[in-house]
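Colleague: Got a structure for you, written out below as structure tokens; questions coming shortly.
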Number of protein chains: 2
Amino acid sequence: MSAYQNLEERFRRIRDLENALGILDWDHQTMMPAAAGPGRAEAMATLEVLKHEQLSDPRVADWLDAAEEPAAIAGLDAWQQANLREMRRRHTHDTAVPADLIAADTRAVSASELTWRGARRDDDFAALLPALKEVLRLRREIAAAKAARLGLAPYDALLDGYEPGGRAARIDDLFDDLAAFLPDFTRAVLDRQARGPDVLAINGPFPVDTQRGLGLTLMEKAGFDFSRGRLDVSAHPFCGGADDDVRLTTRYDEDDFTSCTMAVLHETGHALYEQGRPRDWLAQPVGDARGMALHESQSLIVEMQAGRSPQFMAFLAPLMRETFSGSGPAWEPDNLRRLYTRVERGLIRVDADEVTYPGHIILRYRLERAMLAGDLALEDLPGAWNDGMEELVGVRPPNDRLGCLQDVHWPAGAWGYFPTYTVGAMTAAQLFEAACREVPELIPGLGRGDFGPLVGWLRRQVHARGSLLSTDELLTAVTGRPLDATVFKDHLRTRYLERD
Amino acid sequence: MSAYQNLEERFRRIRDLENALGILDWDHQTMMPAAAGPGRAEAMATLEVLKHEQLSDPRVADWLDAAEEPAAIAGLDAWQQANLREMRRRHTHDTAVPADLIAADTRAVSASELTWRGARRDDDFAALLPALKEVLRLRREIAAAKAARLGLAPYDALLDGYEPGGRAARIDDLFDDLAAFLPDFTRAVLDRQARGPDVLAINGPFPVDTQRGLGLTLMEKAGFDFSRGRLDVSAHPFCGGADDDVRLTTRYDEDDFTSCTMAVLHETGHALYEQGRPRDWLAQPVGDARGMALHESQSLIVEMQAGRSPQFMAFLAPLMRETFSGSGPAWEPDNLRRLYTRVERGLIRVDADEVTYPGHIILRYRLERAMLAGDLALEDLPGAWNDGMEELVGVRPPNDRLGCLQDVHWPAGAWGYFPTYTVGAMTAAQLFEAACREVPELIPGLGRGDFGPLVGWLRRQVHARGSLLSTDELLTAVTGRPLDATVFKDHLRTRYLERD
């Protein structure tokens, strides 16, 4: 076997471990009985250790070196070459951090997540502080270790783990552009909304089974393949699972079906990306989704760009009315559309609308950079958070539970992840605009509840490409240029200032 | 770390892999979407390979040798010494077979199981023959390899994998005793049954949700800990999962709740054994259930000995009547008991009653020994099966679908497993008799639907001992002597010839 073939076999084995972990994590969040937690954590930690051992095996480094010899590379086709590049990338990230640092970090994160749950419930930031300090300390060490190997700044080294090729300098430009645009824009939207028609509430209860049925119908319309996936319930919706086994989840609120419906569409967007990855490369690094920003773009195209479009609303309103046996003006498409595009300055990120969401993200991005660089002491986080919320979203949290304690990301060690949400939203707008230009049938299709034209285009242009191209290359190939904020801002203007 | 401590750590890691496999297998049988099968098989095969690598690591052999030095053993307590013995046992079994033979066997079994499904459906033994021959050929090689290492006869080497210490010479004695007893006894029971009152049918439909509710109630009464386990649905009921996460399954027939109810009690018996294993040793070999015969005894004590006792029937009948809103004489305890202890010469093992079941097992045991020894050619299996059924059960299968194609065990490579079913039934009788003698509250408890006194005794005497003792030692400690057929025969006589 050639060095490259050995690598494919080794990464196949690593994927098997990842697939096992994906199902175990899904089970953990959906099915597992309460007292099984410690044993499950132990089993999953062991699979992670074995995965690390498979990747850090000295032979893998030798195979990578041998496969990257010019003579060896010349014998590989474009997909194989890209696969080799992605293998190297994963190897560098994974072996940059010493095993004992990984182990210390795993323990610290586990303890800090647990502490966070109680601290959030009790609105007690001081209780979280020691655990969070330890996570940040280890995060700095990990960032330094990766930075040295990758030749990047520490924050970029963490960001690169979620968003390959992602750089803070680029995100600063994009976010500064948005941050300058949003305050006046949000005011204009809220003024206009206040002058517009009242939004009528839709009152329940809405039985869980009926909501689930509607969710399944929408997943089917969006092209989800149920022979290779499922829909279940968890406390926090997610899309996970394994190759050819995409598990997505939602949660149901009997008093409100509207958020669940959109949450299902959101996770379905993620799921379609997973189900559309290149079949010949499904279990190899080059067959993976390109990065977290592009992943988020796929969920937001389905949920925000298509799912809340006036055309789809015209289809969805009567379907919802029929499903829940509703009647009256609240069920009219225009009212439903207004309900689904209502803008409000709120305290909680996950409840935020399309217009105010970027403010939440820009705040977190700026804060996590400052904390990692040592420019913001953790003790000062609550104050900085509240000031930032006032500046970027326009509301001041009355306490930390509704402020800097609301998200699990930092206690869970996910520093460098937040910006991908809003980069994803911008990417979604730019991709959707290109799709609409190229596929005349797309918007009329949505009016009939038919996602086919949209999803067909996404499969060809995004999903089936896996990690063959970089995110920039892909966006340039598909939309004609790298990401900028123009289309996203245009989209917001059109949706929130030009329609009634 | 001492050699022994290294071993504990290594076996902890192996257990983590087994726990992961347990949940993945449960998911495979209960939740997994259809097209995910090949990927799941691949992932599980990789975990099995990693497990084998962990055990066959040359350091493990060194640690075992070092830990078995008299000076080292002297420093271990009784549980640690037993744990070391069980580690050696597993190491010997696992490393006796060369890796390429294991791999060939895994492929052959996988192909043969798949072929078996079609062959059974089409009643086409000839279609299965080539695949089954290959499985048998490899089984002989595996048996020879294990026999050489264990110093056992080939069949005993396979049997020992399911039933540590189990030997064919012993089973021959037990089964010959039963085979001599059963024909006349069965005739007597059937005669008596024919002269007795008619059994009234209970007609459905019985909604699945209601059946599930009854199953959960019975599990709770039996002492199942739902914080460490679940009940779900699968095509074939089983009890699996992981440490502190026992997953049991059943299937529902809307026309008949009686079989499901007993199936749930049966699997609950297995589950109680798993949940009752010694907590301090849960993840080590000495904490495992002792063997398949003892495991089956625990399910049969709950289902057959206690669950079909007249006392429990007197409790169960009104509960069932209330649950399904039934009325009339069919719901009387005596009728229900007769329904649940009806004897019939049937063709299908899994549908067989307590009296005719051993005939099915003795047949399979004799046939699999003959096939492994080369005394019975696979081509002649259907004829030998049908002759044996006539002799041992008293009916002749009209075709192979209802004959030698009915069980998956041989196509799945499980040679040496069958005898544990009936050894388990005999063990159940001997243990239950001892329990009743020692715990006066046991039978009155069952009359109130209270399994507490029974299960408390089982936990102390069986579950909490894990694999500390051999099966013989455990039975002798608990019942005063090793297993024989006496109590089982007495139990059958009492239940089937002395009550109306």
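Chain lettering (A, B, ...) mirrors the order of the structure tokens, residue numbering begins at 1 for each chain separately, and ligand numbering begins at 1 in order of display.
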Near Gly37 of chain A, within 10 Å and counting only C-alpha atoms, which residues show up once chain neighbours fewer than 5 positions away are dropped, as an NGL selection string?

Modeller: (:A and (28 or 32 or 42-43)) or (:B and (228 or 244-245))

Colleague: Residues of chain A that approach chain B to 9 Å or less, counting only C-alpha atoms: could you list each one with the shortest pair of atoms and its distance in Å to one decimal, rows by chain and increasing residue number, as a Markdown table?

Modeller:
```
| residue | atom | partner | partner_atom | distance |
| --- | --- | --- | --- | --- |
| A:Arg13 | CA | B:Thr46 | CA | 6.5 |
| A:Arg15 | CA | B:Ala43 | CA | 8.0 |
| A:Asp16 | CA | B:Ala43 | CA | 4.4 |
| A:Leu17 | CA | B:Ala43 | CA | 6.6 |
| A:Glu18 | CA | B:Ala43 | CA | 8.7 |
| A:Asn19 | CA | B:Ala43 | CA | 6.7 |
| A:Ala20 | CA | B:Ala43 | CA | 6.3 |
| A:Leu21 | CA | B:Ala20 | CA | 8.5 |
| A:Ile23 | CA | B:Leu24 | CA | 7.3 |
| A:Leu24 | CA | B:Ala20 | CA | 7.2 |
| A:Asp27 | CA | B:Ile23 | CA | 8.3 |
| A:Met31 | CA | B:Arg230 | CA | 8.4 |
| A:Met32 | CA | B:Asp245 | CA | 7.5 |
| A:Pro33 | CA | B:Ser227 | CA | 5.2 |
| A:Ala34 | CA | B:Ser227 | CA | 5.3 |
| A:Ala35 | CA | B:Ser227 | CA | 5.3 |
| A:Ala36 | CA | B:Asp244 | CA | 5.3 |
| A:Gly37 | CA | B:Asp244 | CA | 8.8 |
| A:Gly39 | CA | B:Asp243 | CA | 7.0 |
| A:Arg40 | CA | B:Ala20 | CA | 8.0 |
| A:Glu42 | CA | B:Asp16 | CA | 6.8 |
| A:Ala43 | CA | B:Asp16 | CA | 4.3 |
| A:Met44 | CA | B:Ala20 | CA | 7.7 |
| A:Ala45 | CA | B:Asp16 | CA | 8.8 |
| A:Thr46 | CA | B:Arg13 | CA | 6.5 |
| A:Leu47 | CA | B:Leu17 | CA | 7.4 |
| A:Leu50 | CA | B:Leu50 | CA | 8.4 |
| A:Phe226 | CA | B:Pro33 | CA | 7.0 |
| A:Ser227 | CA | B:Pro33 | CA | 5.2 |
| A:Arg228 | CA | B:Ala35 | CA | 5.4 |
| A:Gly229 | CA | B:Pro33 | CA | 5.8 |
| A:Arg230 | CA | B:Pro33 | CA | 7.0 |
| A:Ala242 | CA | B:Gly39 | CA | 8.3 |
| A:Asp243 | CA | B:Gly39 | CA | 7.0 |
| A:Asp244 | CA | B:Ala36 | CA | 5.3 |
| A:Asp245 | CA | B:Ala36 | CA | 5.4 |
```

Colleague: Take atom CA of Ala271 of chain A and atom CA of Leu248 of chain A and report the distance between them in Å, one decimal.

Modeller: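 Value for the atom CA of Ala271 of chain A-atom CA of Leu248 of chain A distance: 7.2 Å.
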
Colleague: Contacts of Asp156 of chain B at 9 Å or less, counting only C-alpha atoms, minus same-chain residues fewer than 2 places along, as number ranges by chain?

Modeller: B: 143, 147, 152-154, 158-161, 165-168, 416

Colleague: Can you pull out the residues contacting Pro207 of chain A? Cut-off 10 Å, using only C-alpha atoms, and skip same-chain residues under 5 positions away; I want them as an mmCIF file with N, CA and C atoms, in the first residue's frame.

Modeller:
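Generated file (part27.cif):
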```cif
data_model
loop_
_atom_site.group_PDB
_atom_site.id
_atom_site.type_symbol
_atom_site.label_atom_id
_atom_site.label_comp_id
_atom_site.auth_asym_id
_atom_site.auth_seq_id
_atom_site.Cartn_x
_atom_site.Cartn_y
_atom_site.Cartn_z
ATOM 1 N N ARG A 212 -45.036 17.632 15.808
ATOM 2 C CA ARG A 212 -44.049 16.712 15.252
ATOM 3 C C ARG A 212 -44.416 16.329 13.815
ATOM 4 N N TYR A 252 -40.413 20.779 21.891
ATOM 5 C CA TYR A 252 -41.778 21.226 21.640
ATOM 6 C C TYR A 252 -42.297 22.064 22.802
ATOM 7 N N ASP A 253 -43.002 23.122 22.439
ATOM 8 C CA ASP A 253 -43.670 23.961 23.430
ATOM 9 C C ASP A 253 -45.156 23.941 23.065
ATOM 10 N N GLU A 254 -45.970 23.372 23.936
ATOM 11 C CA GLU A 254 -47.392 23.204 23.591
ATOM 12 C C GLU A 254 -48.103 24.545 23.394
ATOM 13 N N ASP A 255 -47.526 25.611 23.941
ATOM 14 C CA ASP A 255 -48.170 26.923 23.808
ATOM 15 C C ASP A 255 -47.740 27.672 22.557
ATOM 16 N N ASP A 256 -46.718 27.173 21.871
ATOM 17 C CA ASP A 256 -46.164 27.921 20.754
ATOM 18 C C ASP A 256 -45.511 26.958 19.771
ATOM 19 N N PHE A 257 -46.109 26.837 18.583
ATOM 20 C CA PHE A 257 -45.504 25.935 17.603
ATOM 21 C C PHE A 257 -44.552 26.673 16.672
ATOM 22 N N PHE A 324 -53.335 22.683 12.491
ATOM 23 C CA PHE A 324 -53.774 22.936 13.859
ATOM 24 C C PHE A 324 -55.260 23.308 13.939
#
```

Colleague: Do a neighbour search on Thr261 of chain B at 9 Å with only C-alpha atoms, toss out local chain neighbours closer than 5 positions, and write the hits as a VMD selection string.

Modeller: chain B and resid 211 to 212 214 to 215 218 250 266
